[in-house]
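Chemist: Quick one: the structure is below, questions incoming.
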Amino acid sequence: MDANQVALIKKIMELDFACIDLNLYLDTHPDDQKALRDYNYYSQQSKSLKAQYEQLYGPLMSFGETPSQCNRFRWVDDPWPWEIQY
Amino acid sequence: MWVYEKKLEYPANVCKPDVKMAKFLIAQYGGPDGELAAALRYQTQRYTMPTGQAKGTLTDISTEEFAHLEIIATMVFKLLKGVPVEELKREGLGEQYTEHDRALFYSDTTGMLWTAAYIQAKGDVIADLHEDMAAEEKARATYEHLINLTDDPCVKDTLRFLREREIVHFQRFGETLDLVQEHLRSKKIF
Amino acid sequence: MYDYNNLYIQTYDMSQKGLAEAYIPMQRYVSSYPPEQGLKRGTIFPELDKPYMEEKVRGY
């Protein structure tokens, strides 16, 4: 995995983590408008970075979540998450 | 249903292989207060939660615990990578190697297999949420012990992340308990 | 639907709480770390960020 790919996946991890933490907060505060706004904002940002990542390096999700963008099912390609030096 | 994302929640690195630490980390893979126990506990308790809010919290924290299970697995896998069998034997993983080679398996540090007896689903929301809060504190304590057991800054960094998540989860279960008590009061159940 | 602002005040009024009931105060979202820092800290909420001081540093 080259440095650019690692940098991009880390950026996605950061945004997704903000979404996770806000999600758990919203589970107990479903009407908090500021939390909702921030959740939507990070979610949008993550979505656009993921589209960029998947175009370059293959799908991040399976089961139809990401359509195959070339003539190969790149989902099966190494490396898997536990094999990467971050 | 669940869909797998081909990424970790946290970029878990190890600085160098370390058999002893791999053995200790297994506590949080298949031990009584480990991530498998946490994920399965919340997963099975959610069906009898009385409010949508509580069902959501248990579903989401359970899901996050599976991501933590994967992080622990990643560290163990990396800590054992390229280690010769003589070293596994010398550092206390000979027994593990006999049955599993370098594969991951659900046991605690002493090789005791994971059991459903580690968890409970009482069907009583107050009892279940108290168990969940206690579970988060026990996991936090285990992470603190593990932090003290390693000199590897990479492993320590990830353990600090996982420990902090226990604190956040405790807060969410505590808030859920509060909301549920409010809900039960409004229904005059107690 | 709950009024979270009102609930916050309510939950800090201990007289509302019965005996033999555990109690955790409701968090109120004020500010958050930027995503890079949030991931590093293990939470985006500064008020929940409670780092551990290890045995080697604090002494046994």
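Chain identifiers are assigned as A, B, and so on, following the order in which chains appear in the structure tokens; residues are numbered from 1 within each chain, and ligands are numbered from 1 in order of appearance.
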For chain A, which residues have at least one atom within 10 Å of chain B, if we go by only C-alpha atoms? Write them as a VMD selection string, please.
Modeler: chain A and resid 6 9 to 10 12 to 14 16 to 17 20 to 21 23 to 30 58 to 65 75 79 to 86
Chemist: Just C-alpha atoms for this one: save the residues we selected as a tab-separated table (two decimals), in the first residue's frame.
Modeler:
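Final output, saved to selection.tsv:
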chain	number	residue	atom	x	y	z
A	6	VAL	CA	-2.57	5.10	3.50
A	9	ILE	CA	-7.72	5.78	4.23
A	10	LYS	CA	-6.58	7.52	7.44
A	12	ILE	CA	-11.57	8.51	5.89
A	13	MET	CA	-11.02	6.86	9.28
A	14	GLU	CA	-10.92	10.27	10.96
A	16	ASP	CA	-15.92	8.10	10.00
A	17	PHE	CA	-14.81	8.14	13.61
A	20	ILE	CA	-19.38	7.09	15.05
A	21	ASP	CA	-18.90	9.28	18.11
A	23	ASN	CA	-23.94	8.72	16.19
A	24	LEU	CA	-23.64	7.37	19.74
A	25	TYR	CA	-24.30	10.85	21.13
A	26	LEU	CA	-27.36	11.21	18.88
A	27	ASP	CA	-28.64	7.83	20.10
A	28	THR	CA	-29.21	9.45	23.49
A	29	HIS	CA	-29.84	13.00	22.18
A	30	PRO	CA	-31.84	12.52	18.96
A	58	GLY	CA	-11.20	-0.59	-5.17
A	59	PRO	CA	-14.31	-1.00	-3.04
A	60	LEU	CA	-14.50	-0.32	0.70
A	61	MET	CA	-17.83	-2.13	1.00
A	62	SER	CA	-19.37	-5.26	-0.45
A	63	PHE	CA	-22.90	-6.68	-0.91
A	64	GLY	CA	-23.81	-4.12	-3.55
A	65	GLU	CA	-22.91	-1.07	-1.50
A	75	TRP	CA	-13.06	-6.46	-3.39
A	79	PRO	CA	-4.29	-6.02	1.30
A	80	TRP	CA	-7.02	-6.57	3.87
A	81	PRO	CA	-7.26	-4.10	6.78
A	82	TRP	CA	-5.19	-6.16	9.23
A	83	GLU	CA	-2.31	-6.49	6.74
A	84	ILE	CA	-1.63	-2.80	6.34
A	85	GLN	CA	1.15	-0.77	7.96
A	86	TYR	CA	-0.55	2.54	8.77
Chemist: From the DSSP assignment of the backbone, select every residue of chain A that is helix (DSSP H, G or I), and format the answer as a ChimeraX atom specification.
Modeler: /A:3-28,33-57,74-76,81-83
Chemist: Write a file of the just-selected residues containing C-alpha atoms, as a short mmCIF file (atom, residue, chain, number, x, y, z; two decimals), in the first residue's frame.
Modeler:
data_model
loop_
_atom_site.label_atom_id
_atom_site.label_comp_id
_atom_site.auth_asym_id
_atom_site.auth_seq_id
_atom_site.Cartn_x
_atom_site.Cartn_y
_atom_site.Cartn_z
CA ALA A 3 1.77 6.38 1.08
CA ASN A 4 -1.06 8.14 -0.76
CA GLN A 5 -3.44 5.26 -0.21
CA VAL A 6 -2.57 5.10 3.50
CA ALA A 7 -3.01 8.86 3.86
CA LEU A 8 -6.43 8.72 2.18
CA ILE A 9 -7.72 5.78 4.23
CA LYS A 10 -6.58 7.52 7.44
CA LYS A 11 -8.46 10.67 6.43
CA ILE A 12 -11.57 8.51 5.89
CA MET A 13 -11.02 6.86 9.28
CA GLU A 14 -10.92 10.27 10.96
CA LEU A 15 -14.18 11.41 9.38
CA ASP A 16 -15.92 8.10 10.00
CA PHE A 17 -14.81 8.14 13.61
CA ALA A 18 -16.35 11.58 14.09
CA CYS A 19 -19.56 10.07 12.66
CA ILE A 20 -19.38 7.09 15.05
CA ASP A 21 -18.90 9.28 18.11
CA LEU A 22 -21.67 11.69 17.04
CA ASN A 23 -23.94 8.72 16.19
CA LEU A 24 -23.64 7.37 19.74
CA TYR A 25 -24.30 10.85 21.13
CA LEU A 26 -27.36 11.21 18.88
CA ASP A 27 -28.64 7.83 20.10
CA THR A 28 -29.21 9.45 23.49
CA GLN A 33 -29.57 20.15 16.27
CA LYS A 34 -25.87 20.99 16.48
CA ALA A 35 -24.94 17.30 16.72
CA LEU A 36 -27.22 16.52 13.77
CA ARG A 37 -25.63 19.25 11.67
CA ASP A 38 -22.10 18.06 12.46
CA TYR A 39 -23.05 14.42 11.86
CA ASN A 40 -24.44 15.28 8.42
CA TYR A 41 -21.42 17.41 7.59
CA TYR A 42 -18.83 14.71 8.42
CA SER A 43 -20.96 12.06 6.78
CA GLN A 44 -21.01 14.06 3.51
CA GLN A 45 -17.26 14.67 3.66
CA SER A 46 -16.57 11.00 4.27
CA LYS A 47 -18.84 9.98 1.40
CA SER A 48 -16.96 12.09 -1.11
CA LEU A 49 -13.53 10.89 0.08
CA LYS A 50 -14.74 7.28 -0.10
CA ALA A 51 -15.88 7.76 -3.70
CA GLN A 52 -12.42 9.10 -4.50
CA TYR A 53 -10.71 6.19 -2.70
CA GLU A 54 -12.83 3.51 -4.34
CA GLN A 55 -12.15 4.89 -7.81
CA LEU A 56 -8.41 4.57 -7.20
CA TYR A 57 -8.05 1.52 -4.96
CA ARG A 74 -11.45 -5.76 -6.77
CA TRP A 75 -13.06 -6.46 -3.39
CA VAL A 76 -11.01 -9.66 -3.20
CA PRO A 81 -7.26 -4.10 6.78
CA TRP A 82 -5.19 -6.16 9.23
CA GLU A 83 -2.31 -6.49 6.74
#
Chemist: Could you tell me how far CA of Gly111 in chain B sits from CA of Glu95 in chain B, in Å to one decimal place?
Modeler: 8.3 Å
Chemist: Residues within 10 Å of Gly38 in chain C, please, as a compact mmCIF listing (two decimals) with C-alpha atoms, in the first residue's frame. Count only C-alpha atoms; anything in the same chain fewer than 2 positions from it doesn't count.
Modeler:
# COMPACT_ATOMS: atom_id res chain seq x y z
CA GLU A 14 -10.92 10.27 10.96
CA LEU A 15 -14.18 11.41 9.38
CA PHE A 17 -14.81 8.14 13.61
CA ALA A 18 -16.35 11.58 14.09
CA ASP A 21 -18.90 9.28 18.11
CA PHE B 161 -7.83 4.64 21.90
CA SER C 32 -15.77 18.93 19.53
CA TYR C 33 -12.21 18.22 18.47
CA PRO C 34 -11.53 18.32 14.72
CA PRO C 35 -11.69 14.79 13.21
CA GLU C 36 -7.88 14.28 13.13
CA LYS C 40 -6.15 10.32 18.10
CA ARG C 41 -7.88 11.03 21.42
CA GLY C 42 -10.48 8.27 21.09
CA THR C 43 -13.37 10.74 21.31
CA ILE C 44 -14.37 13.98 19.64
CA PHE C 45 -15.81 15.27 22.92
CA PRO C 46 -13.27 17.18 25.06
CA ASP C 49 -11.52 12.86 27.04
Chemist: Would you mind listing what lies within 7 Å of Leu69 in chain B as a PDB file with C-alpha atoms, in the first residue's frame, with only C-alpha atoms counted and same-chain residues fewer than 5 positions away left out?
Modeler:
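around23.pdb written:
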ATOM      1  CA  TYR B  29     -10.193 -10.989  22.164  1.00  0.00           C
ATOM      2  CA  GLU B  35     -14.544  -7.309  22.828  1.00  0.00           C
ATOM      3  CA  LEU B  36     -16.266 -10.517  21.687  1.00  0.00           C
TER       4      LEU B  36
END
Chemist: Using only C-alpha atoms, which of B:Leu146, B:Ile26, B:Ala116, B:Leu40 sits nearest chain C?
Modeler: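 The answer is B:Leu146, which sits nearest to chain C.
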Chemist: When you count only C-alpha atoms, which of these residues is closest to Gln181 in chain B: C:Gly18, C:Pro25, C:Gly59, C:Pro51?
Modeler: C:Gly18
Chemist: Could you state the separation of CA of Phe24 in chain B and CA of Tyr106 in chain B in Å, given to one decimal place?
Modeler: 12.8 Å
Chemist: Using CA of His145 in chain B and CA of Leu88 in chain B as the two end points, give the distance in Å to one decimal.
Modeler: 22.3 Å
Chemist: From the set B:Thr63, B:Gln120, B:Gln96, B:Thr115, which residue has the shortest atom-to-atom contact distance to Gln45 in chain B, counting only C-alpha atoms?
Modeler: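 Closest to Gln45 in chain B, using only C-alpha atoms: B:Gln120.
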Chemist: Go through C:Val57, C:Val30, C:Ile24, C:Leu19 one by one, measure the shortest atom-to-atom distance of each to chain B using only C-alpha atoms, and give the residue with the smallest value.
Modeler: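 Ranking C:Val57, C:Val30, C:Ile24, C:Leu19 by distance to chain B, first place goes to C:Ile24.
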